[in-house]
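A.B. asks: Dropping in data_32.txt, which is compact mmCIF, C-alpha atoms:
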# COMPACT_ATOMS: atom_id res chain seq x y z
CA MET J 1 0.66 11.87 6.13
CA LYS J 2 5.31 24.66 1.82
CA SER J 3 4.40 25.61 -0.97
CA PRO J 4 5.71 23.93 -4.12
CA GLY J 5 4.78 25.37 -7.50
CA GLN J 6 4.31 23.98 -10.95
CA LYS J 7 7.74 22.44 -11.52
CA PHE J 8 7.75 20.85 -8.06
CA LEU J 9 4.30 19.39 -8.58
CA THR J 10 5.39 18.03 -11.98
CA ALA J 11 8.33 16.35 -10.27
CA ILE J 12 6.00 14.83 -7.70
CA ILE J 13 3.71 13.49 -10.41
CA ARG J 14 6.69 11.85 -12.10
CA MET J 15 7.62 10.06 -8.88
CA GLY J 16 5.28 7.28 -9.83
CA ARG J 17 1.74 6.08 -10.08
CA LEU J 18 -0.08 4.34 -7.26
CA GLY J 19 -2.70 1.67 -7.95
CA GLY J 20 -4.04 -0.86 -5.49
CA ALA J 21 -6.22 0.23 -2.64
CA PHE J 22 -5.96 3.96 -3.48
CA SER J 23 -7.30 3.62 -7.04
CA ILE J 24 -10.38 1.74 -5.97
CA LEU J 25 -10.71 4.12 -3.00
CA PHE J 26 -11.45 7.01 -5.35
CA LEU J 27 -14.07 4.93 -7.15
CA LEU J 28 -15.72 4.13 -3.84
CA THR J 29 -15.65 7.68 -2.49
CA SER J 30 -16.40 9.70 -5.63
CA ALA J 31 -19.80 10.69 -4.27
CA VAL J 32 -18.58 12.28 -1.03
CA PHE J 33 -17.02 15.52 -2.26
CA PRO J 34 -19.79 18.13 -1.98
CA GLN J 35 -17.30 20.47 -0.32
CA ALA J 36 -14.84 20.31 -3.25
CA VAL J 37 -14.37 23.59 -5.15
CA PRO J 38 -14.14 23.39 -8.97
CA TYR J 39 -11.52 25.42 -10.84
CA ALA J 40 -12.17 26.29 -14.47
CA ARG J 41 -10.36 27.93 -17.37
CA ALA J 42 -11.28 28.68 -20.99
CA PHE J 43 -9.11 27.56 -23.93
CA ALA J 44 -9.37 28.51 -27.60
CA LYS J 45 -9.12 24.85 -28.57
CA SER J 46 -11.62 22.18 -29.58
CA ALA J 47 -12.78 19.58 -27.09
CA GLU J 48 -10.83 16.90 -28.99
CA GLU J 49 -7.59 18.89 -28.75
CA VAL J 50 -8.14 19.49 -25.04
CA GLU J 51 -8.90 15.83 -24.36
CA GLY J 52 -5.74 14.81 -26.21
CA ALA J 53 -3.63 17.28 -24.26
CA LEU J 54 -5.09 16.09 -20.94
CA LYS J 55 -4.23 12.49 -21.82
CA ASP J 56 -0.68 13.49 -22.76
CA LEU J 57 -0.37 15.15 -19.35
CA GLN J 58 -1.70 11.96 -17.70
CA ALA J 59 -4.32 14.10 -16.04
CA TYR J 60 -6.73 11.20 -15.66
CA SER J 61 -4.21 9.03 -13.80
CA GLY J 62 -4.07 9.04 -10.02
CA GLN J 63 -0.75 10.10 -8.52
CA LYS J 64 1.11 9.94 -5.22
CA LEU J 65 1.84 12.92 -3.01
CA PRO J 66 4.85 12.73 -0.65
CA ILE J 67 3.02 14.89 1.92
CA VAL J 68 -0.38 16.54 2.29
CA ASP J 69 0.86 19.80 3.80
CA GLY J 70 0.63 22.49 1.14
CA PHE J 71 -1.97 20.69 -0.94
CA VAL J 72 -5.00 20.46 1.36
CA ALA J 73 -7.00 22.94 3.36
CA THR J 74 -6.04 23.01 7.03
CA GLY J 75 -8.27 20.77 9.15
CA ASP J 76 -8.65 19.81 12.78
CA LYS J 77 -5.97 17.10 12.67
CA PRO J 78 -2.18 17.50 12.39
CA LEU J 79 -1.14 17.11 8.75
CA ASN J 80 2.15 15.41 9.64
CA GLN J 81 0.21 12.33 10.78
CA TYR J 82 -1.08 11.66 7.26
CA GLU J 83 0.78 9.28 4.96
CA ARG J 84 0.27 7.38 1.68
CA ALA J 85 -1.27 10.51 0.19
CA PHE J 86 -2.88 10.14 -3.23
CA TYR J 87 -4.87 12.42 -5.51
CA GLN J 88 -6.96 12.08 -8.64
CA PHE J 89 -8.64 14.70 -10.80
CA SER J 90 -12.30 14.86 -11.72
CA ILE J 91 -12.30 16.71 -15.05
CA ASP J 92 -15.22 18.16 -17.04
CA VAL J 93 -14.60 19.31 -20.62
CA LEU J 94 -17.42 21.70 -21.55
CA PRO J 95 -18.22 23.78 -24.66
CA GLY J 96 -17.12 27.42 -24.46
CA THR J 97 -17.73 30.49 -26.57
CA GLY J 98 -16.45 30.93 -30.12
CA GLY J 99 -15.77 27.22 -30.57
CA GLY J 100 -13.50 27.11 -27.55
CA THR J 101 -13.55 24.76 -24.57
CA ILE J 102 -13.88 25.19 -20.82
CA VAL J 103 -11.99 22.78 -18.54
CA ARG J 104 -13.33 22.39 -15.01
CA VAL J 105 -11.18 20.48 -12.48
CA ILE J 106 -11.66 19.14 -8.95
CA ALA J 107 -8.82 17.36 -7.12
CA LYS J 108 -9.85 14.48 -4.84
CA ILE J 109 -7.24 13.74 -2.18
CA THR J 110 -7.08 10.81 0.25
CA ALA J 111 -4.44 9.81 2.80
CA TRP J 112 -3.96 7.32 5.63
CA TYR J 113 -4.32 8.99 9.04
CA ALA J 114 -1.98 7.29 11.53
CA ASP J 115 -3.51 7.90 14.97
CA LYS J 116 -1.87 6.83 18.21
CA ASP J 117 -5.03 4.80 18.76
CA PRO J 118 -5.05 2.21 15.90
CA ALA J 119 -8.84 2.08 16.09
CA LYS J 120 -8.96 5.73 14.98
CA SER J 121 -6.56 5.25 12.07
CA GLY J 122 -7.79 4.88 8.50
CA TYR J 123 -8.07 6.46 5.08
CA GLN J 124 -9.66 9.90 5.03
CA VAL J 125 -10.83 12.25 2.31
CA LEU J 126 -9.12 15.67 2.48
CA PRO J 127 -10.26 18.94 0.86
CA SER J 128 -7.93 20.36 -1.78
CA ASN J 129 -6.72 23.94 -1.35
CA GLY J 130 -6.72 24.43 -5.13
CA ARG J 131 -3.02 24.14 -5.86
CA LEU J 132 -3.27 20.85 -7.72
CA GLU J 133 -6.14 22.12 -9.87
CA LEU J 134 -4.38 25.36 -10.75
CA ASP J 135 -1.17 23.52 -11.55
CA LEU J 136 -2.97 21.24 -14.01
CA LEU J 137 -4.66 24.20 -15.71
CA ASP J 138 -1.30 26.02 -15.93
CA ARG J 139 0.39 22.98 -17.47
CA LEU J 140 -2.47 22.57 -19.94
CA GLU J 141 -2.17 26.24 -20.91
CA GLU J 142 1.59 25.87 -21.26
CA LYS J 143 1.14 22.83 -23.50
CA PHE J 144 -0.94 24.90 -25.92
CA GLY J 145 1.91 27.41 -26.09
CA GLY J 146 0.12 30.49 -24.85
CA LYS J 147 -2.63 32.03 -22.80
CA PRO J 148 -6.39 31.41 -23.25
CA ALA J 149 -7.99 33.50 -25.97
CA ALA J 150 -10.80 34.62 -23.66
CA SER J 151 -10.70 35.43 -19.99
CA LEU J 152 -12.35 33.02 -17.60
CA ALA J 153 -14.89 35.59 -16.46
CA ARG J 154 -16.15 36.29 -20.02
CA SER J 155 -16.25 32.61 -20.92
CA LEU J 156 -18.21 31.72 -17.83
CA SER J 157 -20.69 34.58 -18.16
CA ASN J 158 -22.52 32.80 -20.97
CA SER J 159 -22.36 29.31 -19.49
CA THR J 160 -23.95 27.45 -16.65
CA ILE J 161 -20.68 27.22 -14.73
CA SER J 162 -20.02 29.42 -11.72
CA ALA J 163 -16.62 30.99 -11.38
CA PRO J 164 -14.61 28.99 -8.81
CA LYS J 165 -14.10 30.35 -5.31
CA PRO J 166 -11.00 28.75 -3.71
CA LYS J 167 -11.28 27.62 -0.12
CA LEU J 168 -7.97 29.33 0.65
CA ASP J 169 -6.56 32.69 -0.43
CA LEU J 170 -3.83 31.58 -2.82
CA GLY J 171 -2.77 35.08 -3.86
CA GLY J 172 0.36 35.03 -1.74
CA VAL J 173 1.44 31.48 -2.60
CA PRO J 174 4.61 31.33 -4.76
CA GLY J 175 4.03 29.85 -8.21
CA ILE J 176 0.24 30.37 -8.18
CA GLN J 177 -1.58 33.31 -9.70
CA ASN J 178 -5.32 33.83 -9.55
CA SER J 179 -7.26 34.57 -12.72
CA SER J 180 -7.88 38.27 -11.96
CA ALA J 181 -4.20 38.90 -11.18
CA ALA J 182 -3.19 37.08 -14.34
CA SER J 183 -5.61 39.16 -16.43
CA ALA J 184 -4.34 42.39 -14.87
CA ALA J 185 -0.75 41.39 -15.59
CA ALA J 186 -1.67 40.58 -19.19
CA ARG J 187 -3.42 43.95 -19.66
CA SER J 188 -0.51 45.89 -18.20
CA GLY J 189 1.94 44.15 -20.48
CA GLY J 190 4.30 43.54 -17.58
CA THR J 191 6.36 40.85 -19.32
CA THR J 192 9.60 41.84 -17.63
CA ASP J 193 8.00 41.83 -14.20
CA GLU J 194 6.46 38.43 -14.87
CA LEU J 195 9.83 36.97 -15.89
CA GLY J 196 11.46 38.32 -12.76
CA SER J 197 8.64 36.98 -10.62
CA LEU J 198 8.81 33.57 -12.28
CA ARG J 199 12.56 33.44 -11.76
CA SER J 200 12.17 34.25 -8.07
CA ASN J 201 9.38 31.70 -7.75
CA ARG J 202 11.50 29.06 -9.43
CA GLU J 203 14.40 29.62 -7.04
CA ALA J 204 12.03 29.44 -4.06
CA GLU J 205 10.43 26.28 -5.44
CA GLU J 206 13.78 24.57 -6.03
CA LYS J 207 14.84 25.39 -2.49
CA ARG J 208 11.57 24.07 -1.12
CA MET J 209 11.88 20.94 -3.25
CA ARG J 210 15.26 20.20 -1.70
CA GLU J 211 13.78 20.67 1.78
CA LEU J 212 10.83 18.40 0.99
CA SER J 213 13.11 15.76 -0.53
CA ALA J 214 15.09 15.66 2.71
CA GLU J 215 11.86 15.48 4.71
CA LEU J 216 10.57 12.68 2.46
CA GLN J 217 13.75 10.68 2.96
CA SER J 218 13.37 11.11 6.72
CA LEU J 219 9.75 9.90 6.58
CA GLN J 220 10.75 6.91 4.45
CA GLU J 221 13.43 6.00 6.97
CA VAL J 222 10.87 6.18 9.80
CA LYS J 223 8.48 4.01 7.82
CA LYS J 224 11.25 1.51 7.09
CA ASN J 225 12.00 1.19 10.80
CA GLN J 226 8.37 0.67 11.78
CA ALA J 227 7.14 -2.84 12.53
CA HIS J 228 5.65 -4.43 9.42
CA PRO J 229 2.24 -6.08 9.92
CA LEU J 230 2.27 -9.84 9.52
CA ASN J 231 -0.96 -10.08 7.52
CA LEU J 232 -0.10 -7.88 4.52
CA VAL J 233 0.51 -9.38 1.09
CA VAL J 234 2.56 -7.44 -1.49
CA VAL J 235 1.92 -7.18 -5.24
CA LYS J 236 4.95 -8.31 -7.26
CA LYS J 237 4.50 -6.50 -10.59
CA PRO J 238 2.61 -3.50 -11.98
CA GLY J 239 -0.71 -4.02 -13.71
CA THR J 240 -1.72 -7.01 -11.59
CA PRO J 241 -5.51 -7.41 -11.96
CA MET J 242 -7.68 -7.29 -8.85
CA LEU J 243 -10.78 -9.37 -9.61
CA ALA J 244 -14.26 -9.32 -8.14
CA LYS J 245 -14.43 -13.15 -8.02
CA PRO J 246 -11.84 -15.96 -7.81
CA ALA J 247 -12.15 -17.00 -11.45
CA GLU J 248 -10.61 -16.24 -14.82
CA GLY J 249 -12.73 -13.77 -16.77
CA ALA J 250 -14.18 -12.22 -13.62
CA ARG J 251 -14.74 -8.46 -13.56
CA VAL J 252 -11.51 -6.52 -13.03
CA LEU J 253 -11.92 -4.01 -10.20
CA PHE J 254 -8.63 -2.27 -11.01
CA ASN J 255 -5.00 -3.02 -11.81
CA ALA J 256 -2.71 -2.92 -8.80
CA ALA J 257 0.77 -1.39 -8.90
CA ALA J 258 3.99 -3.11 -7.87
CA GLU J 259 4.56 -3.11 -4.08
CA ASP J 260 0.91 -2.32 -3.29
CA GLU J 261 -0.03 -3.95 0.01
CA PHE J 262 -3.37 -5.51 0.95
CA GLU J 263 -4.67 -7.22 4.07
CA PHE J 264 -4.89 -11.01 3.73
CA ILE J 265 -8.33 -12.52 4.41
CA ASP J 266 -8.26 -16.10 3.14
CA ALA J 267 -7.05 -18.38 0.35
CA GLU J 268 -9.21 -20.24 -2.17
CA GLY J 269 -6.98 -22.56 -4.15
CA GLU J 270 -4.70 -20.42 -6.32
CA TRP J 271 -6.58 -17.24 -5.38
CA ILE J 272 -5.85 -14.97 -2.41
CA HIS J 273 -8.82 -13.07 -0.94
CA VAL J 274 -7.76 -9.59 0.25
CA GLN J 275 -9.29 -6.49 1.78
CA ILE J 276 -9.01 -3.44 -0.48
CA PHE J 277 -10.59 -0.71 1.60
CA GLY J 278 -13.31 -0.79 4.24
CA PRO J 279 -15.87 -3.40 3.15
CA SER J 280 -14.37 -3.75 -0.36
CA ARG J 281 -12.79 -7.10 -1.18
CA GLY J 282 -10.99 -8.61 -4.16
CA TYR J 283 -9.06 -11.62 -5.41
CA VAL J 284 -5.49 -11.88 -6.73
CA ARG J 285 -3.66 -14.90 -8.11
CA ARG J 286 -1.32 -16.30 -5.51
CA ASN J 287 1.70 -16.28 -7.86
CA ASN J 288 1.30 -12.49 -8.29
CA LEU J 289 1.87 -11.84 -4.57
CA GLU J 290 4.65 -12.00 -2.04
CA LEU J 291 3.24 -13.64 1.08
CA PRO J 292 4.62 -12.97 4.57
CA GLU J 293 6.28 -15.90 6.27
CA PHE J 294 3.45 -16.78 8.64
CA ILE J 295 0.75 -16.73 5.97
CA ALA J 296 2.80 -18.75 3.48
CA SER J 297 3.70 -21.27 6.18
CA ARG J 298 0.10 -21.60 7.29
CA LEU J 299 -1.09 -22.23 3.74
CA ILE J 300 1.58 -24.83 3.14
CA ALA J 301 0.88 -26.54 6.47
CA THR J 302 -2.85 -26.59 5.82
CA ALA J 303 -2.34 -27.98 2.34
CA ALA J 304 0.01 -30.66 3.64
CA ALA J 305 -2.41 -31.67 6.40
CA SER J 306 -5.31 -31.97 3.94
CA GLY J 307 -3.33 -34.02 1.47
CA MET J 308 -3.38 -31.37 -1.27
CA GLU J 309 0.35 -30.73 -1.09
CA LYS J 310 3.21 -32.78 0.34
CA ALA J 311 6.04 -31.13 2.21
CA GLU J 312 8.96 -33.03 0.69
CA ALA J 313 11.81 -30.76 1.68
CA PHE J 314 12.57 -32.97 4.74
CA ARG J 315 12.15 -36.59 5.79
CA ILE J 316 11.75 -38.12 9.24
CA VAL J 317 14.78 -40.24 10.23
CA ARG J 318 13.88 -40.98 13.86
CA GLU J 319 10.94 -40.82 16.30
CA GLU J 320 11.25 -41.18 20.05
CA ILE J 321 9.78 -40.16 23.40
CA SER J 322 12.40 -38.51 25.62
CA PRO J 323 12.80 -35.66 28.10
CA PHE J 324 12.70 -32.23 26.51
CA PRO J 325 16.25 -31.35 25.28
CA GLY J 326 16.32 -27.74 26.46
CA ASP J 327 15.68 -25.20 29.23
CA TRP J 328 12.30 -23.92 28.01
CA GLU J 329 10.19 -23.62 31.15
CA PRO J 330 6.86 -24.94 29.72
CA LEU J 331 8.50 -28.30 28.81
CA LYS J 332 11.65 -28.35 30.96
CA GLY J 333 12.19 -31.86 32.38
CA LYS J 334 8.96 -33.19 30.78
CA GLY J 335 8.50 -36.02 28.32
CA VAL J 336 7.99 -35.05 24.67
CA LYS J 337 7.54 -36.72 21.31
CA ILE J 338 10.67 -35.97 19.27
CA PHE J 339 10.85 -36.06 15.47
CA THR J 340 14.37 -35.88 14.02
CA VAL J 341 14.31 -34.84 10.37
CA GLN J 342 16.90 -34.32 7.64
CA PRO J 343 16.70 -32.31 4.41
CA VAL J 344 15.86 -34.22 1.26
CA SER J 345 16.87 -31.47 -1.16
CA GLN J 346 20.34 -29.96 -1.38
CA ASN J 347 18.88 -26.66 -2.57
CA PRO J 348 19.00 -24.14 0.32
CA LYS J 349 15.98 -22.32 -1.12
CA GLU J 350 13.88 -25.47 -0.66
CA THR J 351 15.04 -26.06 2.93
CA GLY J 352 15.09 -22.51 4.25
CA ALA J 353 13.19 -20.95 7.13
CA ARG J 354 9.82 -21.01 5.37
CA ALA J 355 10.17 -24.72 4.50
CA LYS J 356 11.15 -25.54 8.11
CA VAL J 357 8.15 -23.69 9.51
CA ALA J 358 5.84 -25.43 7.03
CA PHE J 359 7.24 -28.92 7.71
CA ALA J 360 7.19 -28.47 11.49
CA GLY J 361 3.60 -27.17 11.25
CA SER J 362 2.55 -30.22 9.23
CA LEU J 363 4.13 -32.57 11.81
CA PHE J 364 2.43 -30.76 14.70
CA HIS J 365 -0.92 -30.93 12.92
CA LYS J 366 -0.43 -34.61 12.00
CA PHE J 367 0.54 -35.62 15.54
CA ALA J 368 -2.45 -33.83 17.06
CA THR J 369 -4.98 -35.36 14.65
CA GLU J 370 -3.53 -38.90 14.92
CA ASN J 371 -3.29 -38.79 18.72
CA ALA J 372 -6.64 -37.44 19.87
CA THR J 373 -6.18 -39.52 23.03
CA PRO J 374 -3.21 -38.21 25.08
CA ILE J 375 -0.11 -40.42 25.18
CA SER J 376 1.07 -41.21 28.69
CA GLY J 377 4.15 -39.20 29.68
CA VAL J 378 4.02 -36.92 26.61
CA GLU J 379 3.34 -33.24 27.21
CA GLY J 380 4.72 -31.74 24.02
CA VAL J 381 6.07 -32.26 20.52
CA VAL J 382 9.57 -31.35 19.30
CA VAL J 383 11.02 -31.29 15.78
CA ILE J 384 14.82 -31.38 15.43
CA PHE J 385 16.23 -30.37 12.05
CA ASP J 386 19.44 -32.37 11.68
CA SER J 387 21.45 -30.20 9.28
CA ALA J 388 24.20 -27.58 9.30
CA ASP J 389 21.67 -24.75 9.45
CA GLY J 390 19.12 -26.70 11.43
CA GLY J 391 17.32 -25.85 14.63
CA ILE J 392 14.79 -27.08 17.17
CA VAL J 393 11.14 -26.15 17.43
CA GLY J 394 8.73 -27.39 20.09
CA ALA J 395 5.16 -26.91 21.28
CA THR J 396 3.13 -27.93 24.31
CA LEU J 397 0.10 -30.17 23.85
CA ALA J 398 -2.09 -27.41 25.28
CA THR J 399 -1.22 -24.87 22.58
CA LEU J 400 -1.21 -27.62 19.96
CA LYS J 401 -4.76 -28.54 20.94
CA GLN J 402 -5.87 -24.92 20.58
CA PHE J 403 -4.22 -24.71 17.15
CA THR J 404 -5.87 -27.82 15.74
CA ALA J 405 -9.23 -26.81 17.23
CA GLY J 406 -9.05 -23.53 15.35
CA THR J 407 -9.13 -21.32 18.47
CA LEU J 408 -5.52 -20.25 17.96
CA SER J 409 -4.25 -18.87 14.63
CA PHE J 410 -1.07 -20.24 13.12
CA GLU J 411 0.67 -16.89 13.72
CA ASN J 412 -0.17 -16.86 17.43
CA PHE J 413 0.55 -20.58 17.75
CA TRP J 414 3.98 -20.08 16.24
CA LYS J 415 4.71 -17.25 18.68
CA GLU J 416 3.98 -19.69 21.54
CA CYS J 417 6.44 -22.27 20.19
CA TYR J 418 9.99 -22.88 21.38
CA ARG J 419 12.56 -22.01 18.68
CA ASP J 420 16.31 -22.49 18.99
CA PRO J 421 17.81 -20.49 17.43
CA PRO J 422 14.93 -18.15 16.47
CA GLU J 423 16.66 -16.91 13.31
CA ALA J 424 16.69 -20.45 11.87
CA PHE J 425 12.92 -20.12 11.43
CA GLN J 426 12.76 -16.51 10.28
CA GLU J 427 13.34 -15.33 6.73
CA SER J 428 15.42 -12.22 6.32
CA ARG J 429 13.41 -9.42 4.67
CA LYS J 430 14.74 -7.86 1.49
CA PRO J 431 16.08 -4.35 2.04
When written as structure tokens, how does the structure in this file appear?
C.D. replies:
Amino acid sequence: MKSPGQKFLTAIIRMGRLGGAFSILFLLTSAVFPQAVPYARAFAKSAEEVEGALKDLQAYSGQKLPIVDGFVATGDKPLNQYERAFYQFSIDVLPGTGGGTIVRVIAKITAWYADKDPAKSGYQVLPSNGRLELDLLDRLEEKFGGKPAASLARSLSNSTISAPKPKLDLGGVPGIQNSSAASAAARSGGTTDELGSLRSNREAEEKRMRELSAELQSLQEVKKNQAHPLNLVVVKKPGTPMLAKPAEGARVLFNAAAEDEFEFIDAEGEWIHVQIFGPSRGYVRRNNLELPEFIASRLIATAAASGMEKAEAFRIVREEISPFPGDWEPLKGKGVKIFTVQPVSQNPKETGARAKVAFAGSLFHKFATENATPISGVEGVVVIFDSADGGIVGATLATLKQFTAGTLSFENFWKECYRDPPEAFQESRKP
């Protein structure tokens, strides 16, 4: 939705930050981690120095995980069905002995569970197996250039913190060393053994990293080939604010990252209302999003029908009632109202597939509202685009009536329409 060590985890963290629905997800679910196990370590540094080092390590920023296997405790569901994994640390900086500082860390992990039954799919909170926490503490220790002045056990003995008890036995995991083993190694002075062990661990980690990179590429290819939902809008640039209300100055829920996807709910002027997670909602400016073809076409058609926006990419050059010019069974041999249109603009971007869908939608809507009483001998409406890259689109009066009555969405209405050729009304997706 394996066992990398510190360097592999650092590489994962550098893969990029994820905002959007995952960032707000951690804010919404921060109270549901009673099973999380804290990991703590003492440092002979002031709280200010520790806080600065944590910020330099970007410890407070949520990060992506390519997979969950190797980072979470085994559960009752197959880990290979989790995707869009994301983690964020909950960090407590507490006073230690002798002017030192204790850092206590809990990793909160979420991922999308893709069940064969879509109704059972959704974001889930997963228990960390301690590897992320220990990696952060190791990197913090490394940043200070040495080992803690006091052992964890002595530092915790005079504090209110309980020594952490990992959910999993991590003693045999490459790249991870528990506190007692580390203390024993330090007391024995086994520097040479440690270097040899670290070298072996590094080679194992690099090998595993190559394997995981290949697996990640395979998963990305599978995801690329999956059908893309029609109702998802995509954030164009990083740092796009997600607001609580559709107004300037409204409270910012979080800043979305580039390519974050959200489910479209509705449009209010220049604002797009989206679903973040579960019952959580937010608003984004329309010009900060890439809208799928059907949603953009519906908004343009609705605006044109209400008089808020005019579809000027085409003009009507002829209207007539004639037999349907095709072999489509629902209208074959039947009389239809035909609109022949030509492009007004010479710019292909203004007369492309999206503009055709929008203009045809506005003509369908206009015909239905202006002809509430059926016209004798007319059982459908056809729009012919008279241009080099033109096409023909038609609809029966029955489906048109459902569309204008609001009982049929624009997406489903468009699926019921006749399109020849279909690609003339479909934008090619960017690779």
A.B. asks: With all atoms listed in the file as the atoms that count, which of J:Ile375, J:Ile106, J:Ile276, J:Val344 lies nearest to Leu134 (chain J)?
C.D. replies: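 For Leu134 (chain J), the nearest of the candidates is J:Ile106.
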A.B. asks: Would you compute the distance between CA of Thr396 (chain J) and CA of Asp266 (chain J)? Give it in Å to one decimal.
C.D. replies: 26.8 Å
A.B. asks: Find the residues around Leu253 (chain J) up to 8 Å (only C-alpha atoms counted), leave out those fewer than 4 positions away in its own chain, and share them as a list of chain:residue names.
C.D. replies: J:Ile24, J:Pro241, J:Met242, J:Leu243, J:Ala244, J:Gly282
A.B. asks: Box for region 409-423 of chain J - axis-aligned, 3 Å on each of the six sides, all listed atoms - centre and size in Å to one decimal, as JSON.
C.D. replies:
{"center_x": 6.8, "center_y": -19.9, "center_z": 17.3, "size_x": 28.1, "size_y": 12.0, "size_z": 14.4}
A.B. asks: What separation in Å, quoted to one decimal, exists between CA of Asp56 (chain J) and CA of Phe144 (chain J)?
C.D. replies: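 CA of Asp56 (chain J) sits 11.8 Å away from CA of Phe144 (chain J).
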A.B. asks: Quick one: of J:Phe410, J:Phe364, J:Trp328, J:Phe314, who's nearest to Ile295 (chain J), counting only C-alpha atoms?
C.D. replies: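 The closest residue to Ile295 (chain J) is J:Phe410.
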A.B. asks: For a quick check of understanding, using all atoms listed in the file, which of J:Val252, J:Val383, J:Ala40, J:Ile67 has the smallest distance to Leu212 (chain J)?
C.D. replies: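 Selected residue with least distance to Leu212 (chain J): J:Ile67.
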A.B. asks: Tell me, in Å to one decimal, how far CA of Ser46 (chain J) is from CA of Ile109 (chain J).
C.D. replies: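 Between CA of Ser46 (chain J) and CA of Ile109 (chain J) the gap is 29.0 Å.
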A.B. asks: Between J:Arg84, J:Asp138, J:Val105, J:Gly100, which residue has the minimum interatomic distance to Tyr123 (chain J), considering only C-alpha atoms?
C.D. replies: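 Result for the nearest residue to Tyr123 (chain J): J:Arg84.
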